[in-house]
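Participant: I'd like to ask some things about the structure below.
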Amino acid sequence: MKSKMKANPAVLWGWLGDPAVFRKVTAPVMEFRSEHPESFPDRWQEGRSYQMNMYLFGIVPLGYHTIHFRSIDDGNRQFQTMESGRFIRHWEHTMRVRVNGQGDTYFEDELVIRSGALTIFIYVGAYLFFLYRHWRIRNLLRRIG
C-alpha cells in the first residue's frame with residue numbers, strides 16, 4: 001500500500017518510530033497492550049522484540065503479537081520487521097517514507113504473509129487495517145499541519 005501524505009518526510013519518519021503514535025493510529029480498530037506498559041520504549045529499537053496482546057476494538061482478544069525490528073534505516077527511512085502471533089505465523093513488514101522527484105512524500109507498507117489456510121483472511125484484514133491506518137495518519141497530519 002502506498003499513500004501520498006502532505007507532510008515533511010522527516011516528521012512522518014519520526015512518527016513511525018514512536019510506539020505512542022503507532023498505538024494512536026491503530027486505535028480504536030486495533031489496540032495493542034503490553035503486559036508491562038513500561039516496556040514500550042520512547043522509540044522502536046533495531047534488534048529488539050516487543051510482545052503485546054492485540055484486541056479488536058479494544059474488546060475482542062486476538063492473542064499475542066510479537067514485533068521484531070530486524071532493521072531501522074534512518075538514512076533510507078525504512079523499517080523491516082518480522083512479526084508473528086496467535087493466528088499469524090509469518091509476517092514480514094517493510095514500512096518506508098519516500099520522496100519522489102516532484103517533492104511529494106509517500107508512506108509505503110509492504111507485507112509478506114504466510115499463515116497456511118488463514119493467509120487469505122489475514123491478508124484481507126491487513127489490507128483493511130492498513131487502509132484505516134493510512135487514513136488515520138493523514139488525518140493526524142492535517143490536524144497539525
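As shown in the C-alpha cells, the chain order sets the letters A, B, ...; within each chain, residues go from 1, and ligands are also counted from 1 in the order they appear.
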Just the residues within 9 Å of range 69-76 of chain A, please, counting only C-alpha atoms, with nothing from its chain fewer than 4 positions along; format it as a PDB file with C-alpha atoms, in the first residue's frame.
Facilitator:
ATOM      1  CA  TRP A  13       9.522   9.198   9.658  1.00  0.00           C
ATOM      2  CA  GLY A  17       9.458   5.318  15.064  1.00  0.00           C
ATOM      3  CA  TRP A  44      11.384   1.421  18.420  1.00  0.00           C
ATOM      4  CA  GLN A  45      14.860  -0.101  18.602  1.00  0.00           C
ATOM      5  CA  GLU A  46      16.636  -2.200  15.983  1.00  0.00           C
ATOM      6  CA  GLY A  47      17.257  -5.785  17.044  1.00  0.00           C
ATOM      7  CA  ARG A  48      14.607  -5.660  19.785  1.00  0.00           C
ATOM      8  CA  SER A  49      11.393  -7.659  20.024  1.00  0.00           C
ATOM      9  CA  TYR A  50       8.198  -6.404  21.597  1.00  0.00           C
ATOM     10  CA  GLN A  80      11.809  -4.001   8.454  1.00  0.00           C
ATOM     11  CA  THR A  81      10.038  -6.187  10.964  1.00  0.00           C
ATOM     12  CA  MET A  82       9.353  -9.885  11.398  1.00  0.00           C
ATOM     13  CA  GLU A  83       6.116 -10.477  13.232  1.00  0.00           C
ATOM     14  CA  ARG A  96       9.048   3.333   4.107  1.00  0.00           C
ATOM     15  CA  VAL A  97       8.827   7.076   3.789  1.00  0.00           C
ATOM     16  CA  ARG A  98       9.845   8.166   0.293  1.00  0.00           C
TER      17      ARG A  98
END
Participant: Write out as a ChimeraX atom specification all residues of range 49-97 of chain A that backbone DSSP assigns to strand (DSSP E).
Facilitator: /A:49-56,60-73,78-85,90-97
Participant: Please provide the set of residues having any atom within 9 Å of Phe130 in chain A, restricted to only C-alpha atoms, with same-chain residues fewer than 4 positions apart removed, written as a PyMOL selection string.
Facilitator: chain A and resi 1+26+109+125-126+134-135
Participant: Please provide as number ranges by chain all residues within 12 Å of Thr66 in chain A, with the sequence filter that same-chain residues fewer than 5 positions apart are discarded (counting only C-alpha atoms).
Facilitator: A: 32-34, 48-54, 81-92
Participant: Taking the chain letters and numbering used in this document, name the residues of range 30-125 of chain A that DSSP puts in alpha helix (DSSP H), as a PyMOL selection string.
Facilitator: chain A and resi 119-125
Participant: Can I get the selected residues back with N, CA, C and O atoms, as a short mmCIF file (atom, residue, chain, number, x, y, z; two decimals), in the first residue's frame?
Facilitator:
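out_16.cif, freshly written:
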data_model
loop_
_atom_site.label_atom_id
_atom_site.label_comp_id
_atom_site.auth_asym_id
_atom_site.auth_seq_id
_atom_site.Cartn_x
_atom_site.Cartn_y
_atom_site.Cartn_z
N THR A 119 -4.14 -17.46 5.55
CA THR A 119 -3.43 -16.38 4.87
C THR A 119 -4.37 -15.41 4.17
O THR A 119 -4.23 -14.20 4.33
N ILE A 120 -5.33 -15.90 3.41
CA ILE A 120 -6.24 -15.01 2.67
C ILE A 120 -7.04 -14.13 3.61
O ILE A 120 -7.25 -12.95 3.35
N PHE A 121 -7.48 -14.68 4.73
CA PHE A 121 -8.27 -13.91 5.69
C PHE A 121 -7.40 -12.85 6.38
O PHE A 121 -7.84 -11.72 6.59
N ILE A 122 -6.18 -13.23 6.71
CA ILE A 122 -5.25 -12.28 7.33
C ILE A 122 -4.88 -11.19 6.33
O ILE A 122 -4.80 -10.01 6.69
N TYR A 123 -4.69 -11.56 5.07
CA TYR A 123 -4.38 -10.58 4.03
C TYR A 123 -5.49 -9.54 3.91
O TYR A 123 -5.23 -8.34 3.90
N VAL A 124 -6.74 -10.00 3.83
CA VAL A 124 -7.87 -9.07 3.70
C VAL A 124 -7.95 -8.18 4.94
O VAL A 124 -8.12 -6.96 4.83
N GLY A 125 -7.81 -8.76 6.11
CA GLY A 125 -7.82 -7.97 7.35
C GLY A 125 -6.69 -6.96 7.39
O GLY A 125 -6.88 -5.80 7.77
#
Participant: CA of Val112 in chain A and CA of Val29 in chain A are how many Å apart?
Facilitator: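 Rounded to one decimal, the two atoms are 21.5 Å apart.
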Participant: Which value, in Å to one decimal, gives the distance between CA of Lys24 in chain A and CA of Ile144 in chain A?
Facilitator: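 The value is 14.5 Å.
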